[in-house]
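This is data_11.pdb. It holds PDB, C-alpha atoms.
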ATOM      1  CA  MET U   1      60.959  87.246  90.150
ATOM      2  CA  GLY U   2      58.649  84.846  88.289
ATOM      3  CA  ALA U   3      58.926  81.082  87.920
ATOM      4  CA  LYS U   4      62.245  79.295  88.114
ATOM      5  CA  HIS U   5      63.175  76.887  85.336
ATOM      6  CA  LYS U   6      63.944  73.242  86.044
ATOM      7  CA  HIS U   7      64.787  70.235  83.858
ATOM      8  CA  LEU U   8      66.897  72.220  81.395
ATOM      9  CA  TYR U   9      69.935  69.951  81.355
ATOM     10  CA  ASP U  10      68.300  67.296  79.166
ATOM     11  CA  LEU U  11      67.413  69.997  76.640
ATOM     12  CA  ILE U  12      71.024  71.138  76.510
ATOM     13  CA  HIS U  13      72.474  67.713  75.688
ATOM     14  CA  ASP U  14      69.676  66.767  73.277
ATOM     15  CA  ILE U  15      71.390  65.756  70.026
ATOM     16  CA  GLU U  16      69.264  68.088  67.901
ATOM     17  CA  ASN U  17      70.259  70.971  70.128
ATOM     18  CA  LEU U  18      73.911  69.969  69.770
ATOM     19  CA  ARG U  19      73.531  69.864  65.983
ATOM     20  CA  SER U  20      72.026  73.350  66.067
ATOM     21  CA  ALA U  21      74.892  74.492  68.298
ATOM     22  CA  TYR U  22      77.413  73.037  65.841
ATOM     23  CA  ARG U  23      75.891  75.001  62.959
ATOM     24  CA  LYS U  24      76.059  78.227  64.959
ATOM     25  CA  ALA U  25      79.631  77.583  66.094
ATOM     26  CA  SER U  26      80.619  77.000  62.444
ATOM     27  CA  ARG U  27      79.446  80.367  61.170
ATOM     28  CA  GLY U  28      81.726  82.965  59.664
ATOM     29  CA  GLY U  29      85.469  82.549  59.849
ATOM     30  CA  ASN U  30      85.150  79.673  62.320
ATOM     31  CA  ARG U  31      84.418  77.226  59.512
ATOM     32  CA  TYR U  32      87.975  77.615  58.241
ATOM     33  CA  THR U  33      89.720  77.005  61.555
ATOM     34  CA  GLU U  34      91.772  73.894  62.130
ATOM     35  CA  GLY U  35      89.576  72.957  65.093
ATOM     36  CA  HIS U  36      86.405  73.065  63.007
ATOM     37  CA  LEU U  37      87.866  71.174  60.071
ATOM     38  CA  LYS U  38      89.135  68.424  62.344
ATOM     39  CA  PHE U  39      85.800  68.210  64.209
ATOM     40  CA  GLN U  40      83.910  68.055  60.915
ATOM     41  CA  GLU U  41      85.858  65.017  59.724
ATOM     42  CA  ASP U  42      83.799  62.798  62.050
ATOM     43  CA  LEU U  43      80.963  65.158  62.825
ATOM     44  CA  GLU U  44      78.233  62.889  64.172
ATOM     45  CA  ALA U  45      80.612  60.795  66.253
ATOM     46  CA  ASN U  46      82.093  63.949  67.782
ATOM     47  CA  LEU U  47      78.650  65.351  68.590
ATOM     48  CA  TYR U  48      77.601  62.087  70.254
ATOM     49  CA  ARG U  49      80.889  62.104  72.163
ATOM     50  CA  ILE U  50      80.024  65.533  73.578
ATOM     51  CA  GLN U  51      76.511  64.344  74.380
ATOM     52  CA  THR U  52      77.821  61.300  76.244
ATOM     53  CA  ALA U  53      80.251  63.417  78.268
ATOM     54  CA  LEU U  54      77.459  65.802  79.243
ATOM     55  CA  ILE U  55      75.127  62.970  80.209
ATOM     56  CA  ASP U  56      77.625  61.027  82.333
ATOM     57  CA  GLY U  57      79.109  64.160  83.901
ATOM     58  CA  SER U  58      82.623  63.673  82.510
ATOM     59  CA  TYR U  59      82.562  66.838  80.388
ATOM     60  CA  HIS U  60      85.302  69.375  81.146
ATOM     61  CA  HIS U  61      86.205  72.148  78.766
ATOM     62  CA  GLY U  62      89.659  72.406  77.250
ATOM     63  CA  ALA U  63      92.287  75.063  77.790
ATOM     64  CA  TYR U  64      91.716  78.627  76.647
ATOM     65  CA  SER U  65      93.983  80.120  74.019
ATOM     66  CA  GLN U  66      94.632  83.825  74.439
ATOM     67  CA  PHE U  67      95.362  86.622  72.015
ATOM     68  CA  GLU U  68      95.301  90.402  72.124
ATOM     69  CA  VAL U  69      93.202  92.872  70.183
ATOM     70  CA  TYR U  70      93.665  96.625  70.216
ATOM     71  CA  GLU U  71      90.334  98.050  69.056
ATOM     72  CA  PRO U  72      89.420 100.374  70.587
ATOM     73  CA  LYS U  73      91.913  99.491  73.326
ATOM     74  CA  LYS U  74      93.990  96.508  74.335
ATOM     75  CA  ARG U  75      91.889  93.507  75.350
ATOM     76  CA  ILE U  76      92.791  89.911  76.101
ATOM     77  CA  ILE U  77      90.521  87.537  74.173
ATOM     78  CA  ASN U  78      90.048  84.007  75.519
ATOM     79  CA  ALA U  79      89.077  81.388  72.930
ATOM     80  CA  LEU U  80      87.930  77.862  73.716
ATOM     81  CA  PRO U  81      88.534  74.777  71.540
ATOM     82  CA  PHE U  82      85.906  74.271  68.860
ATOM     83  CA  GLY U  83      84.078  71.466  70.696
ATOM     84  CA  ASP U  84      83.697  73.634  73.772
ATOM     85  CA  ARG U  85      82.261  76.439  71.679
ATOM     86  CA  ILE U  86      79.596  73.970  70.580
ATOM     87  CA  VAL U  87      78.778  73.269  74.227
ATOM     88  CA  GLN U  88      78.484  77.000  74.921
ATOM     89  CA  HIS U  89      76.095  77.421  72.003
ATOM     90  CA  ALA U  90      74.095  74.430  73.247
ATOM     91  CA  ILE U  91      73.758  76.027  76.685
ATOM     92  CA  ASN U  92      72.993  79.421  75.197
ATOM     93  CA  ASN U  93      70.264  77.993  72.950
ATOM     94  CA  ILE U  94      68.345  76.919  76.056
ATOM     95  CA  ILE U  95      69.018  79.611  78.652
ATOM     96  CA  GLU U  96      69.267  82.773  76.535
ATOM     97  CA  PRO U  97      65.494  82.936  75.843
ATOM     98  CA  ILE U  98      64.834  82.613  79.577
ATOM     99  CA  PHE U  99      66.901  85.660  80.425
ATOM    100  CA  ASP U 100      65.967  87.616  77.317
ATOM    101  CA  ASN U 101      62.361  87.486  78.503
ATOM    102  CA  VAL U 102      63.289  89.345  81.692
ATOM    103  CA  PHE U 103      65.510  91.959  80.047
ATOM    104  CA  TYR U 104      64.001  95.406  79.621
ATOM    105  CA  SER U 105      63.380  96.864  76.191
ATOM    106  CA  CYS U 106      65.953  99.564  77.012
ATOM    107  CA  THR U 107      68.919  97.158  76.763
ATOM    108  CA  TYR U 108      70.263  96.683  73.243
ATOM    109  CA  ALA U 109      73.405  94.514  73.326
ATOM    110  CA  CYS U 110      73.501  90.960  71.917
ATOM    111  CA  ARG U 111      69.740  90.620  71.516
ATOM    112  CA  LYS U 112      67.536  89.741  68.563
ATOM    113  CA  ASN U 113      65.894  92.755  66.915
ATOM    114  CA  LYS U 114      68.019  95.124  69.011
ATOM    115  CA  GLY U 115      71.645  96.147  68.418
ATOM    116  CA  THR U 116      73.462  99.437  67.925
ATOM    117  CA  HIS U 117      71.237 100.983  65.277
ATOM    118  CA  ALA U 118      68.071 100.290  67.265
ATOM    119  CA  GLY U 119      69.717 101.803  70.345
ATOM    120  CA  VAL U 120      70.748 104.941  68.485
ATOM    121  CA  ARG U 121      67.277 105.360  66.982
ATOM    122  CA  ALA U 122      65.665 104.981  70.414
ATOM    123  CA  VAL U 123      67.932 107.590  72.028
ATOM    124  CA  GLN U 124      67.477 110.120  69.234
ATOM    125  CA  SER U 125      63.723 109.578  69.033
ATOM    126  CA  THR U 126      63.388 110.114  72.785
ATOM    127  CA  MET U 127      65.461 113.300  72.569
ATOM    128  CA  ARG U 128      63.081 114.701  69.953
ATOM    129  CA  GLN U 129      59.979 113.789  71.932
ATOM    130  CA  MET U 130      61.333 115.315  75.124
ATOM    131  CA  GLU U 131      62.408 118.559  73.424
ATOM    132  CA  SER U 132      58.765 119.535  72.976
ATOM    133  CA  GLU U 133      58.633 119.983  76.777
ATOM    134  CA  GLY U 134      61.895 121.854  77.287
ATOM    135  CA  GLU U 135      65.671 121.554  77.207
ATOM    136  CA  VAL U 136      67.001 118.008  77.459
ATOM    137  CA  PHE U 137      70.164 116.898  79.260
ATOM    138  CA  PHE U 138      71.942 113.560  79.316
ATOM    139  CA  LEU U 139      73.902 111.560  81.851
ATOM    140  CA  LYS U 140      76.352 109.254  80.084
ATOM    141  CA  MET U 141      78.135 106.561  82.157
ATOM    142  CA  ASP U 142      80.568 103.759  81.283
ATOM    143  CA  PHE U 143      81.495 100.993  83.686
ATOM    144  CA  SER U 144      85.235 100.546  84.206
ATOM    145  CA  LYS U 145      86.838  97.254  83.054
ATOM    146  CA  TYR U 146      83.411  95.687  82.950
ATOM    147  CA  TYR U 147      84.037  92.040  82.051
ATOM    148  CA  VAL U 148      87.061  91.595  84.308
ATOM    149  CA  SER U 149      85.278  93.291  87.249
ATOM    150  CA  ILE U 150      82.101  91.183  87.315
ATOM    151  CA  ASP U 151      81.618  89.558  90.711
ATOM    152  CA  ARG U 152      80.768  85.953  89.881
ATOM    153  CA  GLY U 153      79.059  85.387  93.224
ATOM    154  CA  VAL U 154      76.639  88.222  92.447
ATOM    155  CA  LEU U 155      76.277  86.910  88.891
ATOM    156  CA  PHE U 156      75.303  83.397  90.013
ATOM    157  CA  THR U 157      72.795  84.818  92.466
ATOM    158  CA  GLU U 158      71.209  86.534  89.476
ATOM    159  CA  ILE U 159      71.318  83.352  87.381
ATOM    160  CA  GLU U 160      69.641  81.391  90.171
ATOM    161  CA  ARG U 161      66.742  83.844  90.256
ATOM    162  CA  LYS U 162      65.557  82.081  87.078
ATOM    163  CA  ILE U 163      67.323  78.688  86.921
ATOM    164  CA  SER U 164      67.083  76.028  89.615
ATOM    165  CA  ASP U 165      68.489  73.084  87.630
ATOM    166  CA  LYS U 166      71.605  72.174  89.630
ATOM    167  CA  LYS U 167      73.222  70.363  86.702
ATOM    168  CA  VAL U 168      72.951  73.480  84.568
ATOM    169  CA  ILE U 169      74.398  75.618  87.354
ATOM    170  CA  SER U 170      77.312  73.185  87.756
ATOM    171  CA  LEU U 171      77.927  73.245  84.005
ATOM    172  CA  LEU U 172      77.939  77.042  83.985
ATOM    173  CA  GLU U 173      80.372  77.068  86.913
ATOM    174  CA  GLN U 174      82.872  75.163  84.788
ATOM    175  CA  PHE U 175      83.309  78.287  82.687
ATOM    176  CA  GLY U 176      83.893  80.398  85.805
ATOM    177  CA  ASP U 177      82.924  79.395  89.330
ATOM    178  CA  ARG U 178      81.132  81.749  91.691
ATOM    179  CA  ASN U 179      84.155  82.316  93.938
ATOM    180  CA  GLY U 180      85.984  84.901  91.929
ATOM    181  CA  VAL U 181      85.933  88.064  89.856
ATOM    182  CA  GLY U 182      85.822  88.485  86.096
ATOM    183  CA  ILE U 183      84.532  86.567  83.093
ATOM    184  CA  PRO U 184      86.543  85.885  79.912
ATOM    185  CA  ILE U 185      86.132  88.253  76.981
ATOM    186  CA  GLY U 186      85.403  86.424  73.738
ATOM    187  CA  ASN U 187      83.042  83.696  74.938
ATOM    188  CA  LEU U 188      79.423  83.410  73.886
ATOM    189  CA  LEU U 189      78.237  82.747  77.433
ATOM    190  CA  SER U 190      80.249  85.721  78.680
ATOM    191  CA  GLN U 191      78.119  88.000  76.504
ATOM    192  CA  LEU U 192      74.927  86.637  78.009
ATOM    193  CA  CYS U 193      76.309  86.767  81.546
ATOM    194  CA  ALA U 194      77.570  90.329  81.098
ATOM    195  CA  ASN U 195      74.157  91.382  79.837
ATOM    196  CA  LEU U 196      72.513  89.647  82.783
ATOM    197  CA  TYR U 197      74.877  91.400  85.199
ATOM    198  CA  GLY U 198      73.918  94.752  83.689
ATOM    199  CA  HIS U 199      70.280  93.790  84.243
ATOM    200  CA  ILE U 200      70.881  94.321  87.966
ATOM    201  CA  PHE U 201      71.571  97.979  87.179
ATOM    202  CA  ASP U 202      68.663  98.170  84.723
ATOM    203  CA  ARG U 203      66.225  96.754  87.257
ATOM    204  CA  HIS U 204      67.224  99.284  89.894
ATOM    205  CA  VAL U 205      67.059 102.238  87.499
ATOM    206  CA  LYS U 206      63.739 101.185  85.989
ATOM    207  CA  GLU U 207      61.895  99.634  88.929
ATOM    208  CA  GLU U 208      63.306 101.292  92.050
ATOM    209  CA  LEU U 209      64.063 104.735  90.621
ATOM    210  CA  GLY U 210      61.352 104.727  87.956
ATOM    211  CA  LYS U 211      63.531 106.260  85.246
ATOM    212  CA  LYS U 212      61.735 106.103  81.918
ATOM    213  CA  HIS U 213      64.353 107.556  79.595
ATOM    214  CA  TYR U 214      67.188 105.094  80.209
ATOM    215  CA  PHE U 215      69.242 103.087  77.708
ATOM    216  CA  ARG U 216      72.020 100.508  78.042
ATOM    217  CA  TYR U 217      74.321  98.684  75.670
ATOM    218  CA  MET U 218      76.368  96.297  77.840
ATOM    219  CA  ASP U 219      78.573  98.597  79.984
ATOM    220  CA  ASP U 220      77.499 101.815  78.268
ATOM    221  CA  THR U 221      74.472 103.703  79.682
ATOM    222  CA  VAL U 222      72.526 106.908  78.996
ATOM    223  CA  ILE U 223      69.778 108.648  80.977
ATOM    224  CA  LEU U 224      67.852 111.645  79.584
ATOM    225  CA  SER U 225      66.172 114.274  81.738
ATOM    226  CA  HIS U 226      64.941 117.862  81.734
ATOM    227  CA  ASP U 227      66.640 118.417  85.103
ATOM    228  CA  LYS U 228      70.415 118.804  84.931
ATOM    229  CA  GLU U 229      70.841 119.135  88.703
ATOM    230  CA  HIS U 230      68.884 115.939  89.252
ATOM    231  CA  LEU U 231      71.230 114.111  86.876
ATOM    232  CA  LYS U 232      74.181 115.249  88.982
ATOM    233  CA  GLU U 233      72.571 113.829  92.122
ATOM    234  CA  LEU U 234      71.602 110.683  90.226
ATOM    235  CA  ARG U 235      75.156 110.115  89.048
ATOM    236  CA  ASP U 236      76.454 110.147  92.623
ATOM    237  CA  TYR U 237      73.697 107.806  93.761
ATOM    238  CA  LEU U 238      74.188 105.343  90.898
ATOM    239  CA  GLU U 239      77.934 105.292  91.391
ATOM    240  CA  ALA U 240      77.361 104.307  95.021
ATOM    241  CA  PHE U 241      74.809 101.665  94.002
ATOM    242  CA  ALA U 242      77.140 100.112  91.410
ATOM    243  CA  ARG U 243      80.012 100.025  93.882
ATOM    244  CA  THR U 244      77.931  98.563  96.732
ATOM    245  CA  HIS U 245      75.755  96.042  94.890
ATOM    246  CA  MET U 246      77.813  95.169  91.789
ATOM    247  CA  ASN U 247      81.413  95.910  92.791
ATOM    248  CA  LEU U 248      81.709  98.197  89.778
ATOM    249  CA  LYS U 249      82.788 101.779  89.252
ATOM    250  CA  PHE U 250      82.427 104.252  86.403
ATOM    251  CA  SER U 251      85.397 104.869  84.148
ATOM    252  CA  HIS U 252      83.806 107.849  82.400
ATOM    253  CA  TRP U 253      80.731 109.948  82.876
ATOM    254  CA  MET U 254      79.377 113.165  81.394
ATOM    255  CA  ILE U 255      76.402 115.468  81.980
ATOM    256  CA  SER U 256      75.491 117.987  79.301
ATOM    257  CA  SER U 257      72.830 119.260  76.919
ATOM    258  CA  VAL U 258      71.876 116.828  74.164
ATOM    259  CA  HIS U 259      72.879 119.522  71.668
ATOM    260  CA  LYS U 260      76.490 118.898  72.761
ATOM    261  CA  GLN U 261      75.983 115.335  71.342
ATOM    262  CA  VAL U 262      75.827 112.049  73.224
ATOM    263  CA  ASN U 263      78.692 109.678  72.409
ATOM    264  CA  PHE U 264      76.846 106.371  72.330
ATOM    265  CA  LEU U 265      77.276 103.196  70.282
ATOM    266  CA  GLY U 266      79.829 104.650  67.909
ATOM    267  CA  TYR U 267      77.770 107.751  67.091
ATOM    268  CA  ARG U 268      77.619 111.361  68.225
ATOM    269  CA  ILE U 269      73.869 111.749  68.670
ATOM    270  CA  ALA U 270      71.918 115.019  68.717
ATOM    271  CA  PRO U 271      68.153 115.452  68.333
ATOM    272  CA  THR U 272      68.320 116.346  64.633
ATOM    273  CA  TYR U 273      71.413 114.503  63.395
ATOM    274  CA  LYS U 274      73.915 111.784  64.204
ATOM    275  CA  LEU U 275      77.533 111.501  63.167
ATOM    276  CA  ILE U 276      80.044 108.670  63.253
ATOM    277  CA  ARG U 277      82.493 109.103  66.128
ATOM    278  CA  LYS U 278      85.922 110.225  64.965
ATOM    279  CA  ASP U 279      87.722 107.455  66.833
ATOM    280  CA  SER U 280      85.447 104.902  65.124
ATOM    281  CA  VAL U 281      86.430 106.263  61.720
ATOM    282  CA  THR U 282      90.121 106.139  62.659
ATOM    283  CA  ARG U 283      89.859 102.513  63.805
ATOM    284  CA  ALA U 284      87.962 101.559  60.657
ATOM    285  CA  LYS U 285      90.646 103.049  58.416
ATOM    286  CA  ARG U 286      93.356 101.208  60.351
ATOM    287  CA  LYS U 287      91.482  97.943  59.995
ATOM    288  CA  VAL U 288      91.067  98.429  56.231
ATOM    289  CA  LYS U 289      94.789  99.145  55.865
ATOM    290  CA  ARG U 290      95.641  96.010  57.844
ATOM    291  CA  TYR U 291      93.381  93.800  55.739
ATOM    292  CA  VAL U 292      94.837  95.269  52.541
ATOM    293  CA  ALA U 293      98.424  94.820  53.770
ATOM    294  CA  ASN U 294      97.707  91.199  54.704
ATOM    295  CA  GLY U 295      95.887  90.459  51.460
ATOM    296  CA  ASP U 296      92.841  89.404  53.485
ATOM    297  CA  SER U 297      90.194  90.118  50.855
ATOM    298  CA  GLU U 298      87.424  88.054  52.459
ATOM    299  CA  ASN U 299      87.527  89.833  55.811
ATOM    300  CA  LEU U 300      88.004  93.150  54.015
ATOM    301  CA  ARG U 301      84.807  92.619  52.009
ATOM    302  CA  ALA U 302      82.891  91.546  55.117
ATOM    303  CA  PHE U 303      84.119  94.541  57.117
ATOM    304  CA  LEU U 304      83.384  97.058  54.364
ATOM    305  CA  ALA U 305      79.900  95.603  53.878
ATOM    306  CA  SER U 306      79.250  95.987  57.612
ATOM    307  CA  TRP U 307      80.653  99.498  57.727
ATOM    308  CA  HIS U 308      78.793 100.475  54.573
ATOM    309  CA  GLY U 309      75.582  99.665  56.446
ATOM    310  CA  HIS U 310      76.840 101.435  59.568
ATOM    311  CA  VAL U 311      77.574 104.784  57.911
ATOM    312  CA  GLN U 312      74.331 104.779  55.907
ATOM    313  CA  THR U 313      72.455 105.601  59.100
ATOM    314  CA  ALA U 314      74.650 108.635  59.844
ATOM    315  CA  ASP U 315      74.523 112.193  58.491
ATOM    316  CA  SER U 316      78.001 112.029  56.957
ATOM    317  CA  HIS U 317      77.844 112.445  53.188
ATOM    318  CA  ASN U 318      81.582 112.466  52.501
ATOM    319  CA  LEU U 319      82.246 109.459  54.712
ATOM    320  CA  LYS U 320      79.375 107.578  53.071
ATOM    321  CA  SER U 321      80.849 108.262  49.638
ATOM    322  CA  THR U 322      84.308 107.126  50.727
ATOM    323  CA  ILE U 323      83.098 103.870  52.288
ATOM    324  CA  ARG U 324      80.728 103.204  49.392
ATOM    325  CA  GLY U 325      83.559 103.609  46.911
ATOM    326  CA  MET U 326      85.852 101.310  48.872
ATOM    327  CA  TYR U 327      83.091  98.691  49.208
ATOM    328  CA  GLU U 328      82.120  98.786  45.547
ATOM    329  CA  GLN U 329      85.746  98.579  44.452
ATOM    330  CA  CYS U 330      86.341  95.612  46.753
ATOM    331  CA  ALA U 331      83.143  93.837  45.715
ATOM    332  CA  ALA U 332      83.832  94.275  41.992
TER     333      ALA U 332
END
Could you take the file, read its structure, and then write that structure out as structure tokens?
Amino acid sequence: MGAKHKHLYDLIHDIENLRSAYRKASRGGNRYTEGHLKFQEDLEANLYRIQTALIDGSYHHGAYSQFEVYEPKKRIINALPFGDRIVQHAINNIIEPIFDNVFYSCTYACRKNKGTHAGVRAVQSTMRQMESEGEVFFLKMDFSKYYVSIDRGVLFTEIERKISDKKVISLLEQFGDRNGVGIPIGNLLSQLCANLYGHIFDRHVKEELGKKHYFRYMDDTVILSHDKEHLKELRDYLEAFARTHMNLKFSHWMISSVHKQVNFLGYRIAPTYKLIRKDSVTRAKRKVKRYVANGDSENLRAFLASWHGHVQTADSHNLKSTIRGMYEQCAA
């Protein structure tokens, strides 16, 4: 388990940490929001106001605003007021490194020097290495309704494996106490907590079962093996483990040869090539059309730049040419 961390609360409300949190909360489109512009009008006074509320224990976050997104499926996004997003960044600045140090190298979501491309490269590289010893099969599993199914009691037990500062625990409980199920989609701390919850699964697969060729990106997991029948037994066992210890179930799972392609992180991955998933292409085209229809040139440029980088790693010449043309035309 390792050492537990105490005396973190003072680090969270340190004014320099709050200033850093403000800069992070202001990135991207957030700097144009009404909440940010209003907060910025009296920046230092507002930061000291947050600090005072944290110190004297009077801090309580504001009401969530909700909106729906439909990519790839309908999700309810919960957004906090701008000042509360600063507090979440301030907390995250201090506790994220603590938990990142215990995460395994096989988990790729929301971590520095990780991400989707690193995850795809790791899966494909492992496929190639394993093929020298025989046919390779994969077990692909997705957790069902992951964020809204997280048992907060189990989550806080996991948090308290590393943090013993009661003030920090109480502050975290404001964003979702331990007596319930589900964490809000769209919050910075929710990403960290969801990754930490998945670490329960990682730890069991890696430490208790000793599985070397295992990969996770939030609720999306892959295990590679030379033994197809073993993967079938493993799927049943892991489903029972997730249900018993995490109150989760699988929404989808698949066992097949790697030459049938693993759908993982937006790609169809085989040992010698990787393609962009068709549903990812469809969603991207819809998003481009929406930005064009709304005259949203800034978000269109940002999205095309991101997707231009995304498709460059795939073996899809025609798609690369199409996205490159759209990006260059938009950037001109």
Excluding segment 233-250 of chain U and its own-chain neighbours fewer than 3 positions away, which residues fall within 8 Å of it when counting all atoms listed in the file? Please give them as a ChimeraX atom specification. /U:139,141-144,146,149-151,154,200-201,229-230,253
Evaluate the PyMOL selection byres ((chain U and resi 217) around 7) and record the selected residues as number ranges by chain, following the chain and residue labels used in the document. U: 107-109, 216, 218-221
Which neighbours of segment 260-277 of chain U fall inside 6 Å, counting all atoms listed in the file, when residues of the same chain fewer than 3 positions from it are skipped, and could you give them as a PyMOL selection string? chain U and resi 116+124+127-128+257+280+314-315
Hey, can I get the axis-aligned box for segment 62-71 of chain U? All listed atoms, 6 Å padding on each side, centre and edge lengths in Å to one decimal, as JSON.
{"center_x": 92.5, "center_y": 85.2, "center_z": 73.4, "size_x": 17.7, "size_y": 37.6, "size_z": 20.7}
Here is a test: counting only C-alpha atoms, which residue of U:His117, U:Arg286, U:Leu189, U:Asn179 is nearest to Leu80 of chain U? U:Leu189
Need the shell around Lys162 of chain U: protein/DNA/RNA residues with any atom at most 6 Å away, counting all atoms listed in the file. Skip same-chain ones fewer than 2 positions apart. Format as a list of chain:residue names?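 Residues meeting the cut-off are U:Lys4, U:His5, U:Ile159, U:Glu160.
What separates atom CA of Ile255 of chain U from atom CA of Val120 of chain U is a distance of 18.0 Å.
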Would you kindly translate the PyMOL selection byres ((chain U and resi 93) around 12) into the concrete residues it picks from this file, as an mmCIF file with C-alpha atoms, in the coordinates of the input?
data_model
loop_
_atom_site.group_PDB
_atom_site.id
_atom_site.type_symbol
_atom_site.label_atom_id
_atom_site.label_comp_id
_atom_site.auth_asym_id
_atom_site.auth_seq_id
_atom_site.Cartn_x
_atom_site.Cartn_y
_atom_site.Cartn_z
ATOM 1 C CA LEU U 8 66.897 72.220 81.395
ATOM 2 C CA TYR U 9 69.935 69.951 81.355
ATOM 3 C CA LEU U 11 67.413 69.997 76.640
ATOM 4 C CA ILE U 12 71.024 71.138 76.510
ATOM 5 C CA HIS U 13 72.474 67.713 75.688
ATOM 6 C CA ASP U 14 69.676 66.767 73.277
ATOM 7 C CA GLU U 16 69.264 68.088 67.901
ATOM 8 C CA ASN U 17 70.259 70.971 70.128
ATOM 9 C CA LEU U 18 73.911 69.969 69.770
ATOM 10 C CA ARG U 19 73.531 69.864 65.983
ATOM 11 C CA SER U 20 72.026 73.350 66.067
ATOM 12 C CA ALA U 21 74.892 74.492 68.298
ATOM 13 C CA TYR U 22 77.413 73.037 65.841
ATOM 14 C CA ARG U 23 75.891 75.001 62.959
ATOM 15 C CA LYS U 24 76.059 78.227 64.959
ATOM 16 C CA ALA U 25 79.631 77.583 66.094
ATOM 17 C CA ILE U 86 79.596 73.970 70.580
ATOM 18 C CA VAL U 87 78.778 73.269 74.227
ATOM 19 C CA GLN U 88 78.484 77.000 74.921
ATOM 20 C CA HIS U 89 76.095 77.421 72.003
ATOM 21 C CA ALA U 90 74.095 74.430 73.247
ATOM 22 C CA ILE U 91 73.758 76.027 76.685
ATOM 23 C CA ASN U 92 72.993 79.421 75.197
ATOM 24 C CA ILE U 94 68.345 76.919 76.056
ATOM 25 C CA ILE U 95 69.018 79.611 78.652
ATOM 26 C CA GLU U 96 69.267 82.773 76.535
ATOM 27 C CA PRO U 97 65.494 82.936 75.843
ATOM 28 C CA ILE U 98 64.834 82.613 79.577
ATOM 29 C CA PHE U 99 66.901 85.660 80.425
ATOM 30 C CA ASP U 100 65.967 87.616 77.317
ATOM 31 C CA LEU U 188 79.423 83.410 73.886
ATOM 32 C CA LEU U 189 78.237 82.747 77.433
ATOM 33 C CA LEU U 192 74.927 86.637 78.009
#
On this file, the PyMOL selection byres ((chain U and resi 78) around 8) gives some set of residues; write that set as a PDB file with C-alpha atoms, in the frame of the given file.
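And here's part14.pdb as it stands now:
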ATOM      1  CA  TYR U  64      91.716  78.627  76.647  1.00  0.00           C
ATOM      2  CA  SER U  65      93.983  80.120  74.019  1.00  0.00           C
ATOM      3  CA  GLN U  66      94.632  83.825  74.439  1.00  0.00           C
ATOM      4  CA  PHE U  67      95.362  86.622  72.015  1.00  0.00           C
ATOM      5  CA  ILE U  76      92.791  89.911  76.101  1.00  0.00           C
ATOM      6  CA  ILE U  77      90.521  87.537  74.173  1.00  0.00           C
ATOM      7  CA  ALA U  79      89.077  81.388  72.930  1.00  0.00           C
ATOM      8  CA  LEU U  80      87.930  77.862  73.716  1.00  0.00           C
ATOM      9  CA  PRO U 184      86.543  85.885  79.912  1.00  0.00           C
ATOM     10  CA  ILE U 185      86.132  88.253  76.981  1.00  0.00           C
ATOM     11  CA  GLY U 186      85.403  86.424  73.738  1.00  0.00           C
ATOM     12  CA  ASN U 187      83.042  83.696  74.938  1.00  0.00           C
TER      13      ASN U 187
END
Write out as a VMD selection string which residues come within 9 Å of Phe103 of chain U when counting only C-alpha atoms, dropping same-chain ones fewer than 5 positions away. chain U and resid 195 to 196 199 202 to 203
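In this structure, atom CA of Gly309 of chain U sits 15.2 Å away from atom CA of Gly119 of chain U.
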Mind dumping segment 109-115 of chain U from that block, keeping N, CA, C and O atoms, as a PDB file, in the first residue's frame?
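For reference, selection13.pdb as written:
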ATOM      1  N   ALA U 109      -5.364   6.533 -19.769  1.00  0.00           N
ATOM      2  CA  ALA U 109      -6.288   7.668 -19.810  1.00  0.00           C
ATOM      3  C   ALA U 109      -5.852   8.787 -18.883  1.00  0.00           C
ATOM      4  O   ALA U 109      -5.461   8.540 -17.744  1.00  0.00           O
ATOM      5  N   CYS U 110      -5.927  10.038 -19.379  1.00  0.00           N
ATOM      6  CA  CYS U 110      -5.781  11.240 -18.541  1.00  0.00           C
ATOM      7  C   CYS U 110      -4.491  11.233 -17.743  1.00  0.00           C
ATOM      8  O   CYS U 110      -4.472  11.557 -16.552  1.00  0.00           O
ATOM      9  N   ARG U 111      -3.399  10.848 -18.394  1.00  0.00           N
ATOM     10  CA  ARG U 111      -2.097  10.822 -17.725  1.00  0.00           C
ATOM     11  C   ARG U 111      -1.046  11.459 -18.629  1.00  0.00           C
ATOM     12  O   ARG U 111      -1.115  11.336 -19.857  1.00  0.00           O
ATOM     13  N   LYS U 112      -0.079  12.136 -18.006  1.00  0.00           N
ATOM     14  CA  LYS U 112       1.003  12.734 -18.770  1.00  0.00           C
ATOM     15  C   LYS U 112       1.804  11.644 -19.477  1.00  0.00           C
ATOM     16  O   LYS U 112       2.065  10.580 -18.921  1.00  0.00           O
ATOM     17  N   ASN U 113       2.183  11.944 -20.719  1.00  0.00           N
ATOM     18  CA  ASN U 113       3.000  11.040 -21.533  1.00  0.00           C
ATOM     19  C   ASN U 113       2.309   9.705 -21.813  1.00  0.00           C
ATOM     20  O   ASN U 113       2.974   8.704 -22.091  1.00  0.00           O
ATOM     21  N   LYS U 114       0.977   9.697 -21.712  1.00  0.00           N
ATOM     22  CA  LYS U 114       0.212   8.495 -22.058  1.00  0.00           C
ATOM     23  C   LYS U 114      -0.760   8.866 -23.176  1.00  0.00           C
ATOM     24  O   LYS U 114      -0.352   9.378 -24.190  1.00  0.00           O
ATOM     25  N   GLY U 115      -2.042   8.573 -23.007  1.00  0.00           N
ATOM     26  CA  GLY U 115      -3.034   8.960 -24.005  1.00  0.00           C
ATOM     27  C   GLY U 115      -3.327   7.869 -25.019  1.00  0.00           C
ATOM     28  O   GLY U 115      -2.768   6.762 -24.974  1.00  0.00           O
TER      29      GLY U 115
END
